[in-house]
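Asker: Dropping in model-v4.cif, which is mmCIF, C-alpha atoms:
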data_upload
#
loop_
_atom_site.label_atom_id
_atom_site.label_comp_id
_atom_site.auth_asym_id
_atom_site.auth_seq_id
_atom_site.Cartn_x
_atom_site.Cartn_y
_atom_site.Cartn_z
CA MET A 1 -19.26 -12.65 -26.93
CA LYS A 2 -15.91 -13.49 -28.52
CA ARG A 3 -16.68 -11.28 -31.46
CA LEU A 4 -17.53 -8.39 -29.16
CA SER A 5 -14.23 -8.66 -27.36
CA ARG A 6 -12.40 -8.65 -30.68
CA CYS A 7 -14.34 -5.61 -31.91
CA ILE A 8 -13.78 -3.67 -28.70
CA PRO A 9 -10.40 -4.79 -27.47
CA ILE A 10 -9.55 -4.02 -23.89
CA PRO A 11 -5.94 -2.87 -23.46
CA GLN A 12 -3.79 -5.83 -22.49
CA ARG A 13 -2.46 -4.25 -19.34
CA GLN A 14 -6.00 -3.79 -18.05
CA ARG A 15 -7.06 -7.31 -18.89
CA ARG A 16 -4.20 -9.29 -17.50
CA VAL A 17 -4.11 -10.52 -13.98
CA ALA A 18 -0.80 -12.19 -13.44
CA ILE A 19 -0.50 -15.24 -11.31
CA ASP A 20 2.72 -15.38 -9.33
CA SER A 21 5.44 -16.58 -11.67
CA GLN A 22 6.59 -19.24 -9.25
CA LEU A 23 4.04 -21.79 -10.32
CA ALA A 24 5.09 -24.31 -7.74
CA THR A 25 4.24 -22.00 -4.89
CA ILE A 26 0.84 -20.75 -5.95
CA SER A 27 -1.27 -20.92 -2.82
CA THR A 28 -4.95 -20.97 -2.11
CA MET A 29 -4.78 -17.41 -0.83
CA SER A 30 -2.96 -16.25 -3.96
CA ILE A 31 -5.80 -17.66 -6.04
CA ALA A 32 -8.29 -16.05 -3.69
CA SER A 33 -6.57 -12.69 -4.13
CA ILE A 34 -6.63 -12.97 -7.91
CA VAL A 35 -10.34 -13.71 -8.06
CA ARG A 36 -11.11 -10.98 -5.53
CA GLU A 37 -8.92 -8.45 -7.31
CA ALA A 38 -10.49 -9.17 -10.69
CA ARG A 39 -13.99 -8.88 -9.21
CA ARG A 40 -13.22 -5.63 -7.38
CA ARG A 41 -11.56 -4.07 -10.39
CA ALA A 42 -14.67 -4.93 -12.39
CA GLY A 43 -16.83 -3.31 -9.70
CA LEU A 44 -18.84 -6.50 -9.19
CA THR A 45 -20.33 -7.99 -6.05
CA GLN A 46 -19.73 -11.67 -5.37
CA ALA A 47 -23.34 -12.33 -6.40
CA ALA A 48 -22.95 -10.42 -9.66
CA LEU A 49 -19.73 -12.22 -10.53
CA ALA A 50 -21.31 -15.57 -9.69
CA GLU A 51 -24.24 -14.82 -11.95
CA LYS A 52 -22.00 -13.76 -14.83
CA ALA A 53 -19.87 -16.88 -14.45
CA GLY A 54 -22.86 -19.16 -13.95
CA VAL A 55 -21.78 -20.49 -10.59
CA PRO A 56 -23.40 -20.32 -7.14
CA LYS A 57 -22.57 -17.22 -5.10
CA SER A 58 -21.22 -19.46 -2.35
CA THR A 59 -18.58 -20.73 -4.78
CA VAL A 60 -17.16 -17.22 -5.21
CA GLY A 61 -17.30 -16.59 -1.47
CA ARG A 62 -15.52 -19.83 -0.62
CA ILE A 63 -12.79 -19.23 -3.19
CA GLU A 64 -12.20 -15.64 -2.05
CA SER A 65 -12.02 -16.67 1.59
CA GLY A 66 -9.50 -19.39 0.78
CA ALA A 67 -11.89 -22.13 1.94
CA ARG A 68 -11.93 -23.73 -1.50
CA THR A 69 -9.10 -24.36 -3.93
CA PRO A 70 -10.64 -24.02 -7.37
CA SER A 71 -9.51 -25.69 -10.57
CA VAL A 72 -7.57 -23.60 -13.06
CA GLU A 73 -10.59 -23.79 -15.37
CA LEU A 74 -12.86 -22.30 -12.70
CA VAL A 75 -10.40 -19.49 -11.94
CA GLU A 76 -10.27 -18.68 -15.65
CA ARG A 77 -14.06 -18.70 -15.85
CA LEU A 78 -14.45 -16.31 -12.93
CA VAL A 79 -11.67 -13.97 -13.97
CA GLU A 80 -12.96 -13.86 -17.55
CA ALA A 81 -16.48 -13.16 -16.29
CA ALA A 82 -14.99 -10.08 -14.64
CA GLY A 83 -13.53 -8.98 -17.99
CA PHE A 84 -9.96 -10.07 -17.41
CA GLU A 85 -7.85 -12.99 -18.43
CA VAL A 86 -5.45 -15.13 -16.46
CA THR A 87 -1.91 -15.47 -17.67
CA VAL A 88 0.48 -17.89 -16.07
CA SER A 89 4.14 -17.71 -16.87
CA LEU A 90 7.45 -18.98 -15.63
CA SER A 91 10.29 -16.52 -15.44
CA GLU A 92 13.87 -16.33 -14.35
CA PRO A 93 14.44 -14.68 -10.99
CA ASP A 94 14.92 -10.94 -11.21
CA PRO A 95 18.69 -10.36 -11.28
CA GLY A 96 18.19 -6.97 -9.66
CA THR A 97 16.64 -8.56 -6.60
CA ASP A 98 19.37 -11.16 -6.54
CA SER A 99 22.11 -8.55 -6.52
CA MET A 100 20.34 -6.70 -3.70
CA PHE A 101 20.21 -9.95 -1.75
CA GLU A 102 23.94 -10.35 -2.37
CA ARG A 103 24.52 -7.06 -0.61
CA THR A 104 22.13 -7.57 2.30
CA LEU A 105 23.27 -11.12 2.95
CA ARG A 106 26.84 -9.88 3.36
CA ARG A 107 25.69 -7.60 6.17
CA THR A 108 25.09 -8.70 9.73
CA PRO A 109 21.54 -8.73 11.12
CA ALA A 110 22.47 -5.72 13.27
CA GLN A 111 23.58 -3.82 10.18
CA ARG A 112 20.35 -4.84 8.42
CA LEU A 113 18.33 -3.49 11.35
CA ALA A 114 20.24 -0.21 11.19
CA ASP A 115 19.70 0.01 7.41
CA ALA A 116 16.01 -0.77 7.82
CA THR A 117 15.68 1.88 10.52
CA ARG A 118 17.17 4.53 8.23
CA ALA A 119 14.90 3.46 5.35
CA ALA A 120 11.81 3.50 7.57
CA ARG A 121 12.63 6.94 8.93
CA PHE A 122 13.05 8.22 5.37
CA VAL A 123 9.64 6.82 4.40
CA LEU A 124 7.96 8.17 7.54
CA ARG A 125 9.50 11.60 7.02
CA GLY A 126 8.13 11.59 3.46
CA ARG A 127 4.68 10.64 4.72
CA ARG A 128 4.74 13.43 7.30
CA GLU A 129 5.75 15.97 4.65
CA VAL A 130 2.97 14.82 2.33
CA ALA A 131 0.45 15.02 5.17
CA ALA A 132 1.68 18.49 6.15
CA ALA A 133 1.42 19.68 2.55
CA ALA A 134 -2.11 18.28 2.30
CA ASP A 135 -3.09 20.14 5.47
CA GLY A 136 -2.05 23.34 3.78
CA MET B 1 5.35 11.81 23.67
CA ALA B 2 9.05 12.68 23.58
CA SER B 3 10.04 11.32 20.19
CA ARG B 4 8.20 9.65 17.33
CA ASP B 5 11.26 8.62 15.35
CA PHE B 6 11.12 4.96 14.48
CA ASP B 7 13.62 3.14 16.67
CA PRO B 8 13.06 -0.61 16.44
CA GLU B 9 16.20 -1.32 18.45
CA ARG B 10 14.72 0.61 21.37
CA ILE B 11 11.44 -1.32 21.16
CA LEU B 12 13.21 -4.68 20.97
CA SER B 13 15.56 -3.69 23.79
CA ALA B 14 12.65 -2.68 26.01
CA LEU B 15 11.02 -6.06 25.46
CA ALA B 16 14.29 -7.91 26.02
CA GLU B 17 15.17 -5.94 29.16
CA GLU B 18 11.86 -6.90 30.74
CA GLY B 19 12.48 -10.52 29.76
CA VAL B 20 9.46 -10.72 27.46
CA GLU B 21 9.31 -14.00 25.56
CA PHE B 22 8.34 -13.17 22.00
CA VAL B 23 9.03 -14.01 18.39
CA LEU B 24 9.51 -11.22 15.86
CA ILE B 25 7.56 -11.79 12.65
CA GLY B 26 6.50 -9.71 9.63
CA GLY B 27 8.48 -7.31 7.51
CA MET B 28 11.23 -6.55 10.02
CA ALA B 29 11.77 -10.24 10.67
CA ALA B 30 12.16 -10.77 6.92
CA ILE B 31 14.65 -7.90 6.76
CA LEU B 32 16.74 -9.48 9.51
CA HIS B 33 16.85 -12.60 7.33
CA GLY B 34 18.19 -10.46 4.47
CA ASP B 35 15.08 -9.15 2.73
CA VAL B 36 15.32 -5.83 0.92
CA GLY B 37 11.80 -4.61 1.74
CA VAL B 38 10.90 -1.55 3.78
CA THR B 39 8.72 -1.64 6.86
CA VAL B 40 7.72 1.05 9.32
CA ASP B 41 6.58 -1.06 12.24
CA LEU B 42 7.38 -4.16 14.24
CA ASP B 43 5.22 -7.25 14.62
CA VAL B 44 5.74 -9.39 17.67
CA VAL B 45 4.11 -12.60 18.87
CA PRO B 46 4.44 -12.92 22.64
CA ASN B 47 4.03 -16.01 24.75
CA ARG B 48 0.54 -15.79 26.29
CA GLU B 49 1.50 -17.12 29.71
CA ALA B 50 0.35 -14.83 32.52
CA ALA B 51 3.83 -13.96 33.80
CA ASN B 52 4.95 -13.06 30.30
CA LEU B 53 1.94 -10.80 29.79
CA GLU B 54 2.96 -8.97 32.97
CA ARG B 55 6.43 -8.45 31.50
CA LEU B 56 4.96 -7.42 28.15
CA ALA B 57 2.66 -4.84 29.74
CA ARG B 58 5.57 -3.47 31.78
CA ALA B 59 7.75 -3.10 28.68
CA LEU B 60 4.96 -1.44 26.76
CA ARG B 61 4.36 1.04 29.57
CA THR B 62 8.03 2.04 29.51
CA LEU B 63 7.62 2.66 25.78
CA GLY B 64 4.52 4.81 26.35
CA ALA B 65 2.41 2.50 24.21
CA ARG B 66 -0.98 3.77 23.08
CA ILE B 67 -3.54 2.32 20.72
CA ARG B 68 -2.85 3.40 17.16
CA THR B 69 -5.84 4.78 15.33
CA GLU B 70 -6.41 7.02 12.33
CA GLY B 71 -6.95 10.66 13.10
CA GLU B 72 -5.20 10.42 16.48
CA PRO B 73 -1.47 10.81 15.80
CA GLU B 74 -0.67 10.44 19.50
CA GLY B 75 -2.79 7.30 19.79
CA LEU B 76 -5.37 6.50 22.44
CA ALA B 77 -4.59 5.69 26.04
CA PHE B 78 -5.58 2.18 27.11
CA ASP B 79 -5.32 -0.12 30.10
CA CYS B 80 -1.84 -1.44 29.35
CA SER B 81 -1.96 -4.37 31.73
CA ALA B 82 -1.53 -8.12 31.67
CA GLN B 83 -5.29 -8.42 32.20
CA PHE B 84 -5.96 -6.40 29.07
CA PHE B 85 -3.87 -8.75 26.95
CA ALA B 86 -5.15 -11.86 28.71
CA HIS B 87 -8.74 -11.00 27.81
CA LEU B 88 -8.05 -10.58 24.12
CA SER B 89 -9.16 -13.33 21.75
CA PRO B 90 -6.24 -15.32 20.34
CA ASP B 91 -6.63 -13.84 16.87
CA SER B 92 -6.62 -10.23 18.10
CA ILE B 93 -4.05 -7.80 16.79
CA VAL B 94 -3.19 -4.82 18.98
CA ASN B 95 -1.88 -1.98 16.84
CA MET B 96 0.07 0.42 18.99
CA THR B 97 2.12 3.53 18.63
CA THR B 98 4.98 4.03 21.05
CA GLU B 99 7.68 6.60 21.77
CA ALA B 100 9.90 4.52 19.48
CA GLY B 101 7.45 3.90 16.66
CA ASP B 102 4.64 1.57 15.74
CA LEU B 103 4.36 -1.88 17.21
CA ASP B 104 1.80 -4.58 16.50
CA VAL B 105 1.23 -7.34 19.00
CA THR B 106 -0.57 -10.45 17.85
CA PHE B 107 -0.91 -13.81 19.53
CA CYS B 108 -1.81 -15.90 16.53
CA PRO B 109 -0.69 -14.45 13.19
CA SER B 110 -2.52 -15.69 10.10
CA GLY B 111 -1.49 -19.16 9.06
CA THR B 112 0.25 -19.95 12.36
CA GLN B 113 -0.64 -21.37 15.75
CA GLY B 114 1.05 -18.57 17.65
CA PHE B 115 4.14 -18.29 19.83
CA ARG B 116 4.90 -21.98 20.43
CA ASP B 117 4.38 -22.81 16.79
CA LEU B 118 6.69 -20.02 15.64
CA ARG B 119 9.30 -20.60 18.35
CA ARG B 120 9.88 -24.14 17.08
CA ASP B 121 11.72 -22.97 13.95
CA ALA B 122 12.63 -19.46 15.05
CA VAL B 123 16.27 -18.43 14.97
CA GLU B 124 18.08 -16.41 17.60
CA ILE B 125 19.55 -13.32 16.00
CA GLU B 126 21.78 -10.62 17.42
CA ALA B 127 19.77 -7.64 16.21
CA ALA B 128 22.10 -5.16 17.90
CA GLU B 129 25.00 -5.32 20.31
CA ARG B 130 24.03 -7.65 23.18
CA LEU B 131 20.43 -7.73 21.91
CA HIS B 132 19.47 -11.29 21.08
CA ILE B 133 15.93 -11.91 19.90
CA LEU B 134 13.95 -14.78 18.44
CA VAL B 135 13.02 -14.19 14.82
CA ALA B 136 10.44 -16.33 13.03
CA SER B 137 11.91 -18.55 10.35
CA LEU B 138 11.67 -17.21 6.82
CA ALA B 139 9.42 -20.16 5.91
CA ASP B 140 7.04 -19.21 8.74
CA ILE B 141 7.06 -15.54 7.69
CA ILE B 142 6.12 -16.64 4.18
CA ARG B 143 3.44 -18.99 5.54
CA SER B 144 1.91 -16.15 7.53
CA LYS B 145 1.97 -13.69 4.63
CA GLU B 146 0.41 -16.29 2.32
CA ALA B 147 -2.43 -16.78 4.77
CA ALA B 148 -2.91 -13.05 5.42
CA GLY B 149 -3.30 -12.48 1.68
CA ARG B 150 -3.10 -8.68 1.87
CA ASP B 151 -2.00 -6.90 -1.29
CA LYS B 152 1.30 -5.81 0.26
CA ASP B 153 2.00 -9.38 1.38
CA ARG B 154 1.18 -10.78 -2.04
CA LEU B 155 3.62 -8.36 -3.64
CA ALA B 156 6.38 -9.35 -1.23
CA LEU B 157 5.89 -13.11 -1.55
CA PRO B 158 7.81 -13.81 -4.77
CA ARG B 159 10.78 -11.89 -3.35
CA LEU B 160 10.64 -13.70 -0.02
CA ARG B 161 10.40 -17.09 -1.72
CA ARG B 162 13.45 -16.20 -3.78
CA LEU B 163 15.26 -15.21 -0.58
CA LEU B 164 14.29 -18.54 0.97
CA ASP B 165 15.79 -20.26 -2.09
CA ARG B 166 18.99 -18.26 -1.55
CA HIS B 167 19.14 -19.35 2.08
CA THR B 168 18.64 -22.96 1.04
CA GLU B 169 21.38 -22.69 -1.60
CA ARG B 170 23.80 -21.28 0.97
CA LYS B 171 23.30 -24.17 3.40
#
Using the file provided, produce a representation of the structure as structure tokens.
Answerer:
Amino acid sequence: MKRLSRCIPIPQRQRRVAIDSQLATISTMSIASIVREARRRAGLTQAALAEKAGVPKSTVGRIESGARTPSVELVERLVEAAGFEVTVSLSEPDPGTDSMFERTLRRTPAQRLADATRAARFVLRGRREVAAAADG
Amino acid sequence: MASRDFDPERILSALAEEGVEFVLIGGMAAILHGDVGVTVDLDVVPNREAANLERLARALRTLGARIRTEGEPEGLAFDCSAQFFAHLSPDSIVNMTTEAGDLDVTFCPSGTQGFRDLRRDAVEIEAAERLHILVASLADIIRSKEAAGRDKDRLALPRLRRLLDRHTERK
């Protein structure tokens, strides 16, 4: 199995499923989303993934619904059974986001609402134009 | 329907003018806390008491609220009454389109116990001149998005947690 994956490497960007960089705040639902996303991307049913990973189908269902918090080892096993790998990393906060926060936090809530209204209208206008173009 | 331009101030004003008790949650609530995301609707959690549902229904009627559904840009007419809302299960979400844009009403957002739970830590914000509304705390918004677990929520979470850190640092 290992040899096969070395012989036919899957591009890294397709294989990696990133866990939220803020390790301390990983939640049950985040884990659920990662397992579900890996399974869906692999085109597997819960039963098929369970079979590949050698676990009961109910285990996959409970993890995906957030009813069970799995161990890191089990997450790795499930994600790898779907053909992906889990990478966990710590990173510095994105300075771009921080500088945007600097700007928004200087504005009053009323100004933020006005900004958000303009942004939403821009997005909605774009959607309408795309829909109109699609209609011919 | 006279206008479909998104006008959240008009929606919030209509609710406030009727005296509806509600907490704003979701993307717009996060934006009022300083988030840099974009959202095209409002999410409100009203108090479920009968008198408040009367006020809610009245406000929604003034906004021309209709049920939002794919393939029906104008939405579908519905019985916009207190009884309608009273008969909904607590975890129902009513997706509506109004003359001032899309509005979602939910009584018990994911990961929360509803209005009373959210009101406890909500902050009163002046969203426009003389328009004071209750906005769910950033921690509660995060809690709800974590529980909802939708892709768009998952993408927003690292940013919202960072914003929460910034709020904490500023205190």
Asker: Which residues, named as in the file, does the PyMOL selection byres ((chain A) within 6 of (chain B)) pick out? Answer as a list in words.
Answerer: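 Taken on the displayed file, the PyMOL selection byres ((chain A) within 6 of (chain B)) yields the residues Met29, Thr104, Leu105, Pro109, Ala110, Arg112 and Ala120 of chain A.
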Asker: Any idea what's packed within 9 Å of B:Phe115, counting all atoms listed in the file, ignoring anything in its chain fewer than 4 positions away? Could you give it as a CSV table (one decimal) with C-alpha atoms, in the coordinates of the input?
Answerer:
chain,number,residue,atom,x,y,z
B,21,GLU,CA,9.3,-14.0,25.6
B,22,PHE,CA,8.3,-13.2,22.0
B,23,VAL,CA,9.0,-14.0,18.4
B,45,VAL,CA,4.1,-12.6,18.9
B,46,PRO,CA,4.4,-12.9,22.6
B,47,ASN,CA,4.0,-16.0,24.8
B,48,ARG,CA,0.5,-15.8,26.3
B,107,PHE,CA,-0.9,-13.8,19.5
B,108,CYS,CA,-1.8,-15.9,16.5
B,119,ARG,CA,9.3,-20.6,18.4
B,120,ARG,CA,9.9,-24.1,17.1
Asker: List the neighbours of A:Ile63 out to 7 Å using all atoms listed in the file; skip same-chain residues closer than 6 positions along the sequence, and give me the result as a list in words.
Answerer: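 Neighbouring residues, sequence-local ones excluded: Ala32, Thr69 and Pro70 of chain A.
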Asker: Closest to B:Ile93 among B:Asn52, B:Val20, B:Gly111, B:Val44, using only C-alpha atoms?
Answerer: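 The answer is B:Val44, which sits nearest to B:Ile93.
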Asker: Would you list the residues near (-5.0, 3.5, 28.2) (no more than 9 Å away, in the coordinates of the file, using only C-alpha atoms) as a list in words?
Answerer: Ala65, Arg66, Ile67, Leu76, Ala77, Phe78, Asp79 and Cys80 of chain B
Asker: Atom CA of B:Glu18 to atom CA of B:Leu63: how many Å, to one decimal?
Answerer: 11.6 Å
Asker: For A:Arg77, please output as a PDB file with C-alpha atoms, in the coordinates of the input all residues within 12 Å (counting only C-alpha atoms; exclusion window: fewer than 2 positions along the same chain).
Answerer:
ATOM      1  CA  VAL A  35     -10.340 -13.710  -8.060  1.00  0.00           C
ATOM      2  CA  ALA A  38     -10.490  -9.170 -10.690  1.00  0.00           C
ATOM      3  CA  ARG A  39     -13.990  -8.880  -9.210  1.00  0.00           C
ATOM      4  CA  LEU A  49     -19.730 -12.220 -10.530  1.00  0.00           C
ATOM      5  CA  ALA A  50     -21.310 -15.570  -9.690  1.00  0.00           C
ATOM      6  CA  GLU A  51     -24.240 -14.820 -11.950  1.00  0.00           C
ATOM      7  CA  LYS A  52     -22.000 -13.760 -14.830  1.00  0.00           C
ATOM      8  CA  ALA A  53     -19.870 -16.880 -14.450  1.00  0.00           C
ATOM      9  CA  GLY A  54     -22.860 -19.160 -13.950  1.00  0.00           C
ATOM     10  CA  VAL A  55     -21.780 -20.490 -10.590  1.00  0.00           C
ATOM     11  CA  VAL A  60     -17.160 -17.220  -5.210  1.00  0.00           C
ATOM     12  CA  PRO A  70     -10.640 -24.020  -7.370  1.00  0.00           C
ATOM     13  CA  SER A  71      -9.510 -25.690 -10.570  1.00  0.00           C
ATOM     14  CA  VAL A  72      -7.570 -23.600 -13.060  1.00  0.00           C
ATOM     15  CA  GLU A  73     -10.590 -23.790 -15.370  1.00  0.00           C
ATOM     16  CA  LEU A  74     -12.860 -22.300 -12.700  1.00  0.00           C
ATOM     17  CA  VAL A  75     -10.400 -19.490 -11.940  1.00  0.00           C
ATOM     18  CA  VAL A  79     -11.670 -13.970 -13.970  1.00  0.00           C
ATOM     19  CA  GLU A  80     -12.960 -13.860 -17.550  1.00  0.00           C
ATOM     20  CA  ALA A  81     -16.480 -13.160 -16.290  1.00  0.00           C
ATOM     21  CA  ALA A  82     -14.990 -10.080 -14.640  1.00  0.00           C
ATOM     22  CA  GLY A  83     -13.530  -8.980 -17.990  1.00  0.00           C
ATOM     23  CA  PHE A  84      -9.960 -10.070 -17.410  1.00  0.00           C
ATOM     24  CA  GLU A  85      -7.850 -12.990 -18.430  1.00  0.00           C
ATOM     25  CA  VAL A  86      -5.450 -15.130 -16.460  1.00  0.00           C
TER      26      VAL A  86
END
Asker: Separation of atom CA of A:Glu102 and atom CA of B:Asp43, in Å?
Answerer: 25.5 Å
Asker: So how many Å separate atom CA of B:His87 and atom CA of B:Glu54, to one decimal?
Answerer: 12.9 Å
Asker: Using the file's own x, y and z axes, what box holds all listed atoms of stretch 36-46 of chain B with 5 Å on each side, keeping edges along x, y and z, and what are its centre and edge lengths in Å to one decimal, as JSON?
Answerer:
{"center_x": 9.7, "center_y": -5.9, "center_z": 11.8, "size_x": 21.2, "size_y": 24.0, "size_z": 31.7}
Asker: Counting all atoms listed in the file, which of A:Gln46, A:Thr117, A:Ser99, A:Thr87 gets nearest to A:Ser65?
Answerer: A:Gln46
